[in-house]
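Before any comments, here is the structure.
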Amino acid sequence: MSQAKFTLTYDGPALRDHAMDVRDLAPAMLAVGELFDAVNLLLNGEKAEIRVNVKAHEPGCFSVIFEIVQNWKDGLVALFTGDVVTAALNLKELIVSGGGLLFLIKKFRGASPEKIERLGDNTVRITIQGETFDIPVVLLRMYQDIAVRSAVEKVVYKPLQKEGIESVEFSDEKQPRLSVNKAEAEVFKTPPLPEKIVVETTHRSAFSIVSLAFKDDNKWRLSDGGRPISAKIEDEAFLKRVNENLIRFAKGDVLVCEVHVAQKHTVHGLITDYIVKQVVEHIPAPRQLEMPWIPDEDGE
């Protein structure tokens, strides 16, 4: 078993004047556990399990002492196989110490590395905003992990959005205090994940018009007979004719289009973008019934 402690302090007039119920910070307290769970899983996998306990609370501000307790699974197996487990103390140092994750996010303002060089098995050299730093590989993995960064956002950024909370501070007996104020909170938001295109196709399809948009940044609402979709129109010649009133639309009109469909994997799940590359044909709604032609007396 491995153990470590640190103190987390939220401060501001709402807490000092008891204008805020400390239970409003319960989500942030739970997020501390999420943060250590995410880092432990990232670095140790299933080799170790971790527990975060609240040891004490100091009145006046909102100061909580956390105890990190880690139990190794299959400890003898790890001993004889040389399988290294990152202990609770090291996890705490990697997160809250002066050279740890929170320090790194604050210093680099949450920016992504422009360049990464491997220096050895355990160290990388990163370049961010023109500055170069050598850091442990595990720290870079933490910096880039979405689950870790999401938990950091809940512990740091979200509490600082509350009225009357001005700062959050991490400290222990051996390390310098690391403090974040309200003005610095923005850099602790989870960075957006790059969108990854999963499937991309271009095909011809017919659409009825649900609603039109005449602003450049708006999308048309179209339907292929199923549910409506939002599509960006990129056919400039077609848009020019629409803007010059050379094309009139009525209920029941159909557009035959070359449409580009891209399905993307994002942090919010799968999304689909539709882009009309070309309007091939505008088919007006029928205006009269189709009937057999009756010739006149002359046979015409």
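Ordering of the structure tokens sets the chain letters (A, B, ...), residue numbers begin anew at 1 in every chain, and ligands are numbered from 1 in the order given.
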Write down as number ranges by chain the residues belonging to segment 12-252 of chain A that are assigned helix (DSSP H, G or I) by DSSP computed on the backbone. A: 13-16, 22-44, 75-81, 88-96, 101-108, 137-144, 146-160, 182-188, 236-243
Using the selection just defined, write its residues with C-alpha atoms as a PDB file, in the first residue's frame.
ATOM      1  CA  PRO A  13     -15.317  36.441  -0.069  1.00  0.00           C
ATOM      2  CA  ALA A  14     -18.254  34.041  -0.503  1.00  0.00           C
ATOM      3  CA  LEU A  15     -16.440  31.403   1.557  1.00  0.00           C
ATOM      4  CA  ARG A  16     -14.913  33.741   4.129  1.00  0.00           C
ATOM      5  CA  VAL A  22     -19.602  24.575   0.982  1.00  0.00           C
ATOM      6  CA  ARG A  23     -21.714  21.728  -0.421  1.00  0.00           C
ATOM      7  CA  ASP A  24     -21.814  23.735  -3.657  1.00  0.00           C
ATOM      8  CA  LEU A  25     -18.209  22.616  -4.078  1.00  0.00           C
ATOM      9  CA  ALA A  26     -19.105  18.926  -3.791  1.00  0.00           C
ATOM     10  CA  PRO A  27     -18.686  18.331  -7.569  1.00  0.00           C
ATOM     11  CA  ALA A  28     -15.138  19.690  -7.361  1.00  0.00           C
ATOM     12  CA  MET A  29     -14.374  17.388  -4.429  1.00  0.00           C
ATOM     13  CA  LEU A  30     -15.636  14.392  -6.400  1.00  0.00           C
ATOM     14  CA  ALA A  31     -13.562  15.525  -9.380  1.00  0.00           C
ATOM     15  CA  VAL A  32     -10.384  15.233  -7.272  1.00  0.00           C
ATOM     16  CA  GLY A  33     -11.122  11.512  -7.064  1.00  0.00           C
ATOM     17  CA  GLU A  34     -11.813  11.431 -10.814  1.00  0.00           C
ATOM     18  CA  LEU A  35      -8.473  13.123 -11.464  1.00  0.00           C
ATOM     19  CA  PHE A  36      -6.453  10.606  -9.469  1.00  0.00           C
ATOM     20  CA  ASP A  37      -8.473   7.720 -10.920  1.00  0.00           C
ATOM     21  CA  ALA A  38      -7.773   8.929 -14.465  1.00  0.00           C
ATOM     22  CA  VAL A  39      -4.032   9.385 -13.867  1.00  0.00           C
ATOM     23  CA  ASN A  40      -3.740   6.052 -12.046  1.00  0.00           C
ATOM     24  CA  LEU A  41      -5.530   4.250 -14.889  1.00  0.00           C
ATOM     25  CA  LEU A  42      -3.416   6.028 -17.502  1.00  0.00           C
ATOM     26  CA  LEU A  43      -0.086   5.171 -15.859  1.00  0.00           C
ATOM     27  CA  ASN A  44      -0.826   1.916 -14.020  1.00  0.00           C
ATOM     28  CA  GLY A  75       2.024  -7.178  -5.868  1.00  0.00           C
ATOM     29  CA  LEU A  76       4.252 -10.276  -5.892  1.00  0.00           C
ATOM     30  CA  VAL A  77       3.747 -10.701  -9.621  1.00  0.00           C
ATOM     31  CA  ALA A  78       4.789  -7.098 -10.199  1.00  0.00           C
ATOM     32  CA  LEU A  79       7.832  -7.591  -7.964  1.00  0.00           C
ATOM     33  CA  PHE A  80       9.162 -10.604  -9.872  1.00  0.00           C
ATOM     34  CA  THR A  81       8.255  -9.420 -13.368  1.00  0.00           C
ATOM     35  CA  ALA A  88       0.526   7.273  -4.782  1.00  0.00           C
ATOM     36  CA  LEU A  89       3.287   9.686  -3.748  1.00  0.00           C
ATOM     37  CA  ASN A  90       4.550   9.910  -7.318  1.00  0.00           C
ATOM     38  CA  LEU A  91       1.018  10.360  -8.647  1.00  0.00           C
ATOM     39  CA  LYS A  92       0.501  13.248  -6.260  1.00  0.00           C
ATOM     40  CA  GLU A  93       3.841  14.801  -7.264  1.00  0.00           C
ATOM     41  CA  LEU A  94       3.001  14.416 -10.971  1.00  0.00           C
ATOM     42  CA  ILE A  95      -0.293  16.242 -10.463  1.00  0.00           C
ATOM     43  CA  VAL A  96       0.149  18.980  -7.835  1.00  0.00           C
ATOM     44  CA  LEU A 101       0.616  18.677 -14.443  1.00  0.00           C
ATOM     45  CA  LEU A 102      -1.145  21.704 -12.954  1.00  0.00           C
ATOM     46  CA  PHE A 103       2.061  23.751 -13.096  1.00  0.00           C
ATOM     47  CA  LEU A 104       2.542  22.707 -16.733  1.00  0.00           C
ATOM     48  CA  ILE A 105      -0.994  23.701 -17.726  1.00  0.00           C
ATOM     49  CA  LYS A 106      -0.630  27.068 -15.993  1.00  0.00           C
ATOM     50  CA  LYS A 107       2.802  27.796 -17.465  1.00  0.00           C
ATOM     51  CA  PHE A 108       1.918  26.801 -21.034  1.00  0.00           C
ATOM     52  CA  VAL A 137       7.082  10.985 -20.692  1.00  0.00           C
ATOM     53  CA  VAL A 138       4.340  10.191 -18.168  1.00  0.00           C
ATOM     54  CA  LEU A 139       3.736  13.904 -17.592  1.00  0.00           C
ATOM     55  CA  LEU A 140       3.263  14.474 -21.317  1.00  0.00           C
ATOM     56  CA  ARG A 141       0.799  11.573 -21.442  1.00  0.00           C
ATOM     57  CA  MET A 142      -1.166  13.161 -18.602  1.00  0.00           C
ATOM     58  CA  TYR A 143      -1.102  16.558 -20.332  1.00  0.00           C
ATOM     59  CA  GLN A 144      -2.575  15.019 -23.485  1.00  0.00           C
ATOM     60  CA  ILE A 146      -8.738  13.914 -22.270  1.00  0.00           C
ATOM     61  CA  ALA A 147     -10.044  12.175 -19.108  1.00  0.00           C
ATOM     62  CA  VAL A 148      -7.281  13.746 -17.001  1.00  0.00           C
ATOM     63  CA  ARG A 149      -7.816  17.220 -18.470  1.00  0.00           C
ATOM     64  CA  SER A 150     -11.588  16.940 -18.026  1.00  0.00           C
ATOM     65  CA  ALA A 151     -11.128  16.186 -14.310  1.00  0.00           C
ATOM     66  CA  VAL A 152      -8.702  19.122 -13.967  1.00  0.00           C
ATOM     67  CA  GLU A 153     -11.356  21.407 -15.461  1.00  0.00           C
ATOM     68  CA  LYS A 154     -13.856  20.300 -12.802  1.00  0.00           C
ATOM     69  CA  VAL A 155     -11.372  20.847  -9.963  1.00  0.00           C
ATOM     70  CA  VAL A 156      -9.958  24.204 -11.100  1.00  0.00           C
ATOM     71  CA  TYR A 157     -11.916  25.974 -13.839  1.00  0.00           C
ATOM     72  CA  LYS A 158     -15.538  25.320 -12.851  1.00  0.00           C
ATOM     73  CA  PRO A 159     -15.275  26.337  -9.155  1.00  0.00           C
ATOM     74  CA  LEU A 160     -13.564  29.580 -10.184  1.00  0.00           C
ATOM     75  CA  LYS A 182      -9.960  33.602 -11.455  1.00  0.00           C
ATOM     76  CA  ALA A 183      -8.115  35.392 -14.283  1.00  0.00           C
ATOM     77  CA  GLU A 184      -5.986  32.291 -14.934  1.00  0.00           C
ATOM     78  CA  ALA A 185      -8.861  29.794 -14.833  1.00  0.00           C
ATOM     79  CA  GLU A 186      -9.580  29.775 -18.580  1.00  0.00           C
ATOM     80  CA  VAL A 187      -6.402  27.835 -19.437  1.00  0.00           C
ATOM     81  CA  PHE A 188      -7.589  24.914 -17.294  1.00  0.00           C
ATOM     82  CA  GLU A 236     -21.846  29.824 -56.044  1.00  0.00           C
ATOM     83  CA  ALA A 237     -23.565  29.974 -59.447  1.00  0.00           C
ATOM     84  CA  PHE A 238     -26.779  28.624 -57.951  1.00  0.00           C
ATOM     85  CA  LEU A 239     -26.627  31.029 -54.987  1.00  0.00           C
ATOM     86  CA  LYS A 240     -26.043  33.951 -57.371  1.00  0.00           C
ATOM     87  CA  ARG A 241     -29.212  33.093 -59.294  1.00  0.00           C
ATOM     88  CA  VAL A 242     -31.148  32.786 -56.015  1.00  0.00           C
ATOM     89  CA  ASN A 243     -29.898  36.168 -54.781  1.00  0.00           C
TER      90      ASN A 243
END
Test item: residues at most 10 Å from segment 214-224 of chain A, only C-alpha atoms, excluding those fewer than 2 positions along its chain, as a list in words: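 Contacts, with the query itself left out: Ser205, Ala206, Phe207, Ser208, Ile209, Val210, Ser211, Leu212, Gly226, Arg227, Pro228, Ile229, Ser230, Ala231, Lys232, Ile233, Glu234, Leu239, Val242, Asn243, Val254, Leu255, Tyr274, Ile275 and Val276 of chain A.
For the pair atom CA of Gln70 of chain A and atom CA of Val52 of chain A, the interatomic distance is 8.7 Å.
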Give me the residues near Thr202 of chain A as number ranges by chain, where near means some atom within 12 Å (using only C-alpha atoms) and where sequence neighbours in that chain fewer than 3 positions away do not count. A: 199, 205, 257-263, 273-278
